[in-house]
Amino acid sequence: MRRPVGGVNQGDSPQDWYQSLPIITKILFTITLLMTTLVSFNIISYTFLVYSSTLVWQRFEIWRIITGCYFAGGFSFNFLMHLYMLYQNSLSYENNPYNTGAGGSSADYLWMLFLGMVGVCLLDPIVGLMPLSDAIVYYIMYVRSRRSPDDIMNMWGFKFKALYMPWVYVGFRLLMGNSIRSAIGGAILGHIYFFLVDALPISYGYTIIKTPLLFVDMISFLSGRTQVSGVSNNENAFNRRPGVGGTTGYNWGRGRTLGS
């Protein structure tokens, strides 16, 4: 079931808006903004945060798997766009994730993110996905676009279905002269996840992606609420189009309020 999507207009203050965010989106937004703030004010060096397979596997600097996937550089226009894209896509998907065994809850989203982080870390030494944070955003964006393909997006007055959103932004990156390698890599990983969680159970009757109980317990601990678990992933596959025709964010051309 699609849950209400929080936005900055909900509540009377920024604190109310922040508290209304679902737990994973709140964490991702916070750590991304916090890391950029710490680096921009020279409190820590970015070299302490970026992903390095050598440092992870030879010196066991495991934190780089997380920080490398969500560190988006210093304060800049590109950072603001990145943070907004992360916020909007994470918020939309967490309120309506694929049900992979935890009842379509934040635990299912956390498991999806974990698989994506493993995927980008394994793929980076082969094809080079730096910065990994871009790949993760496009991974989330792609899965979200397949989960709610008929949502109507609006970018500077140009309307399109959410299904095409990753490719619209890939085209935008090309026009801006930016590399699309990390974006394409993230989208490919997103398609693999979509195939395994949505297409495979329907076409072949196999269910591979199942949210471990550990992730359900983690979300229960973080949010202080009991998560639903034990719902078949096949049921999710046959109910993968829960909402049609919604209008959502990316209306930058008209100055739309963030999160509306």
# chains A, B, ... in the order shown; residues from 1 in each chain; ligands from 1
>>> residues_around(residues="Asp108 of chain A", least_positions_apart="3", cutoff="9 Å", atoms="only C-alpha atoms", output="list in words")
Glu94, Pro97, Tyr98, Asn99, Thr100, Gly101, Ala102, Gly103, Gly104, Ser105, Trp111, Met112, Leu113, Lys210, Thr211, Pro212, Phe215 and Val216 of chain A
>>> residues_around(residues="Leu49 of chain A", least_positions_apart="4", cutoff="8 Å", atoms="only C-alpha atoms", output="list of chain:residue names")
A:Ser45, A:Trp63, A:Arg64, A:Thr67, A:Gly68, A:Phe71
>>> write_last_selection(atoms="N, CA, C and O atoms", output="PDB file, in the first residue's frame")
ATOM      1  N   SER A  45      38.768  15.049   6.109  1.00  0.00           N
ATOM      2  CA  SER A  45      39.174  15.030   4.703  1.00  0.00           C
ATOM      3  C   SER A  45      38.293  14.081   3.912  1.00  0.00           C
ATOM      4  O   SER A  45      37.873  13.028   4.416  1.00  0.00           O
ATOM      5  N   TRP A  63      33.916   1.128   6.846  1.00  0.00           N
ATOM      6  CA  TRP A  63      32.988   2.262   6.775  1.00  0.00           C
ATOM      7  C   TRP A  63      32.944   2.887   5.390  1.00  0.00           C
ATOM      8  O   TRP A  63      31.965   3.535   5.032  1.00  0.00           O
ATOM      9  N   ARG A  64      34.000   2.691   4.604  1.00  0.00           N
ATOM     10  CA  ARG A  64      34.044   3.298   3.277  1.00  0.00           C
ATOM     11  C   ARG A  64      32.968   2.746   2.342  1.00  0.00           C
ATOM     12  O   ARG A  64      32.615   3.393   1.361  1.00  0.00           O
ATOM     13  N   THR A  67      30.105   5.231   3.481  1.00  0.00           N
ATOM     14  CA  THR A  67      30.403   6.634   3.187  1.00  0.00           C
ATOM     15  C   THR A  67      30.674   6.856   1.701  1.00  0.00           C
ATOM     16  O   THR A  67      30.279   7.870   1.135  1.00  0.00           O
ATOM     17  N   GLY A  68      31.331   5.874   1.072  1.00  0.00           N
ATOM     18  CA  GLY A  68      31.618   6.014  -0.350  1.00  0.00           C
ATOM     19  C   GLY A  68      30.371   6.024  -1.216  1.00  0.00           C
ATOM     20  O   GLY A  68      30.349   6.650  -2.278  1.00  0.00           O
ATOM     21  N   PHE A  71      28.635   9.809   0.003  1.00  0.00           N
ATOM     22  CA  PHE A  71      29.359  11.074  -0.023  1.00  0.00           C
ATOM     23  C   PHE A  71      29.266  11.662  -1.422  1.00  0.00           C
ATOM     24  O   PHE A  71      29.656  11.041  -2.396  1.00  0.00           O
TER      25      PHE A  71
END
>>> select_by_dssp(residues="segment 175-207 of chain A", states="helix (DSSP H, G or I)", output="number ranges by chain")
A: 175, 181-203
>>> closest_atom_pairs(of="segment 4-107 of chain A", to="segment 148-167 of chain A", cutoff="10 Å", atoms="only C-alpha atoms", output="CSV")
residue,atom,partner,partner_atom,distance
A:Ser92,CA,A:Ser148,CA,9.1
A:Tyr93,CA,A:Ser148,CA,8.5
A:Asn96,CA,A:Ser148,CA,8.5
A:Pro97,CA,A:Ser148,CA,9.5
>>> write_last_selection(atoms="C-alpha atoms", output="CSV table (one decimal), in the first residue's frame")
chain,number,residue,atom,x,y,z
A,92,SER,CA,8.8,8.1,-3.0
A,93,TYR,CA,10.2,4.5,-3.1
A,96,ASN,CA,5.9,2.3,-1.7
A,97,PRO,CA,8.7,-0.3,-2.0
>>> residues_around(residues="segment 77-91 of chain A", least_positions_apart="3", cutoff="6 Å", atoms="only C-alpha atoms", output="VMD selection string")
chain A and resid 25 94 137 141
>>> select_by_dssp(residues="segment 64-193 of chain A", states="strand (DSSP E or B)", output="mmCIF file with N, CA and C atoms, in the first residue's frame")
data_model
loop_
_atom_site.group_PDB
_atom_site.id
_atom_site.type_symbol
_atom_site.label_atom_id
_atom_site.label_comp_id
_atom_site.auth_asym_id
_atom_site.auth_seq_id
_atom_site.Cartn_x
_atom_site.Cartn_y
_atom_site.Cartn_z
ATOM 1 N N ILE A 152 3.452 10.685 -13.109
ATOM 2 C CA ILE A 152 3.812 11.753 -14.038
ATOM 3 C C ILE A 152 4.839 12.671 -13.384
ATOM 4 N N MET A 153 5.994 12.797 -14.047
ATOM 5 C CA MET A 153 7.057 13.666 -13.576
ATOM 6 C C MET A 153 6.998 14.988 -14.343
ATOM 7 N N ASN A 154 7.587 16.007 -13.754
ATOM 8 C CA ASN A 154 7.574 17.334 -14.385
ATOM 9 C C ASN A 154 8.922 17.991 -14.155
ATOM 10 N N MET A 155 9.661 18.184 -15.230
ATOM 11 C CA MET A 155 10.978 18.813 -15.149
ATOM 12 C C MET A 155 11.014 20.023 -16.058
ATOM 13 N N PHE A 158 8.427 20.081 -18.681
ATOM 14 C CA PHE A 158 8.421 18.918 -19.564
ATOM 15 C C PHE A 158 7.912 17.725 -18.772
ATOM 16 N N LYS A 159 6.774 17.192 -19.160
ATOM 17 C CA LYS A 159 6.152 16.092 -18.424
ATOM 18 C C LYS A 159 6.457 14.751 -19.089
ATOM 19 N N PHE A 160 6.667 13.761 -18.259
ATOM 20 C CA PHE A 160 6.957 12.421 -18.756
ATOM 21 C C PHE A 160 6.626 11.417 -17.662
ATOM 22 N N LYS A 161 6.433 10.163 -18.062
ATOM 23 C CA LYS A 161 6.159 9.116 -17.088
ATOM 24 C C LYS A 161 7.428 8.756 -16.317
#
>>> closest_residue(among="A:Gly128, A:Asn178, A:Ser13, A:Arg146", to="Val197 of chain A", atoms="only C-alpha atoms")
A:Arg146
>>> closest_residue(among="A:Ser76, A:Leu200, A:Phe48, A:Ser106", to="Lys26 of chain A", atoms="only C-alpha atoms")
A:Ser106
>>> closest_residue(among="A:Val127, A:Ala72, A:Leu214, A:Ile136", to="Thr32 of chain A", atoms="only C-alpha atoms")
A:Ala72
>>> closest_residue(among="A:Leu132, A:Thr47, A:Asp12, A:Tyr142", to="Ile188 of chain A", atoms="only C-alpha atoms")
A:Tyr142
>>> closest_residue(among="A:Ile180, A:Cys121, A:Ile208, A:Leu115", to="Ile62 of chain A", atoms="only C-alpha atoms")
A:Cys121
>>> decode(residues="segment 79-174 of chain A", atoms="C-alpha atoms", output="compact mmCIF listing (two decimals), in the first residue's frame")
# COMPACT_ATOMS: atom_id res chain seq x y z
CA PHE A 79 25.54 18.58 -4.77
CA LEU A 80 22.17 20.28 -4.31
CA MET A 81 20.79 18.47 -7.35
CA HIS A 82 22.18 15.20 -6.08
CA LEU A 83 20.68 15.69 -2.62
CA TYR A 84 17.30 16.59 -4.10
CA MET A 85 17.29 13.58 -6.41
CA LEU A 86 18.27 11.31 -3.53
CA TYR A 87 15.58 12.80 -1.30
CA GLN A 88 12.75 12.64 -3.84
CA ASN A 89 13.45 9.15 -5.16
CA SER A 90 14.20 7.67 -1.75
CA LEU A 91 11.09 9.22 -0.22
CA SER A 92 8.84 8.06 -3.04
CA TYR A 93 10.20 4.52 -3.07
CA GLU A 94 10.32 4.04 0.69
CA ASN A 95 6.64 4.93 0.88
CA ASN A 96 5.87 2.25 -1.72
CA PRO A 97 8.67 -0.34 -1.98
CA TYR A 98 8.58 -3.76 -3.53
CA ASN A 99 7.45 -6.28 -0.93
CA THR A 100 10.29 -8.78 -0.63
CA GLY A 101 9.09 -10.37 2.57
CA ALA A 102 8.70 -7.53 5.08
CA GLY A 103 5.25 -6.40 3.98
CA GLY A 104 6.43 -3.58 1.70
CA SER A 105 8.08 -1.74 4.59
CA SER A 106 11.29 0.20 5.13
CA ALA A 107 13.01 -3.13 5.85
CA ASP A 108 12.44 -4.15 2.21
CA TYR A 109 13.91 -0.83 1.11
CA LEU A 110 16.94 -1.26 3.39
CA TRP A 111 17.57 -4.72 1.91
CA MET A 112 17.31 -3.26 -1.58
CA LEU A 113 19.86 -0.57 -0.68
CA PHE A 114 22.21 -3.15 0.82
CA LEU A 115 22.15 -5.19 -2.39
CA GLY A 116 22.75 -2.04 -4.43
CA MET A 117 25.73 -1.02 -2.30
CA VAL A 118 27.25 -4.49 -2.68
CA GLY A 119 26.62 -4.30 -6.42
CA VAL A 120 28.30 -0.91 -6.97
CA CYS A 121 31.28 -1.91 -4.82
CA LEU A 122 31.78 -5.09 -6.85
CA LEU A 123 31.26 -3.36 -10.19
CA ASP A 124 33.45 -0.32 -9.51
CA PRO A 125 36.84 -2.07 -9.84
CA ILE A 126 35.71 -3.50 -13.18
CA VAL A 127 34.15 -0.53 -14.98
CA GLY A 128 34.81 2.44 -12.67
CA LEU A 129 31.66 3.92 -11.14
CA MET A 130 33.17 6.76 -9.14
CA PRO A 131 31.55 8.59 -7.55
CA LEU A 132 29.57 5.69 -6.15
CA SER A 133 26.95 8.09 -4.78
CA ASP A 134 25.80 8.87 -8.32
CA ALA A 135 25.44 5.17 -9.10
CA ILE A 136 23.37 4.64 -5.94
CA VAL A 137 21.03 7.52 -6.77
CA TYR A 138 20.39 6.13 -10.26
CA TYR A 139 19.96 2.66 -8.80
CA ILE A 140 17.23 3.98 -6.50
CA MET A 141 15.76 6.08 -9.30
CA TYR A 142 15.56 3.14 -11.70
CA VAL A 143 13.89 0.80 -9.20
CA ARG A 144 11.47 3.56 -8.21
CA SER A 145 10.67 4.19 -11.91
CA ARG A 146 9.76 0.53 -12.42
CA ARG A 147 7.78 0.35 -9.19
CA SER A 148 5.56 3.33 -10.12
CA PRO A 149 6.04 3.64 -13.90
CA ASP A 150 2.87 5.64 -14.58
CA ASP A 151 3.56 8.47 -12.15
CA ILE A 152 3.81 11.75 -14.04
CA MET A 153 7.06 13.67 -13.58
CA ASN A 154 7.57 17.33 -14.39
CA MET A 155 10.98 18.81 -15.15
CA TRP A 156 10.98 22.47 -16.16
CA GLY A 157 7.51 22.07 -17.65
CA PHE A 158 8.42 18.92 -19.56
CA LYS A 159 6.15 16.09 -18.42
CA PHE A 160 6.96 12.42 -18.76
CA LYS A 161 6.16 9.12 -17.09
CA ALA A 162 8.36 7.96 -14.23
CA LEU A 163 9.30 4.93 -16.34
CA TYR A 164 11.49 7.21 -18.48
CA MET A 165 12.93 9.26 -15.62
CA PRO A 166 16.41 7.64 -15.44
CA TRP A 167 16.96 8.14 -19.15
CA VAL A 168 15.76 11.75 -19.06
CA TYR A 169 18.38 12.44 -16.40
CA VAL A 170 21.05 10.53 -18.29
CA GLY A 171 20.31 12.78 -21.26
CA PHE A 172 20.48 15.84 -19.00
CA ARG A 173 23.92 14.75 -17.76
CA LEU A 174 25.10 14.41 -21.35
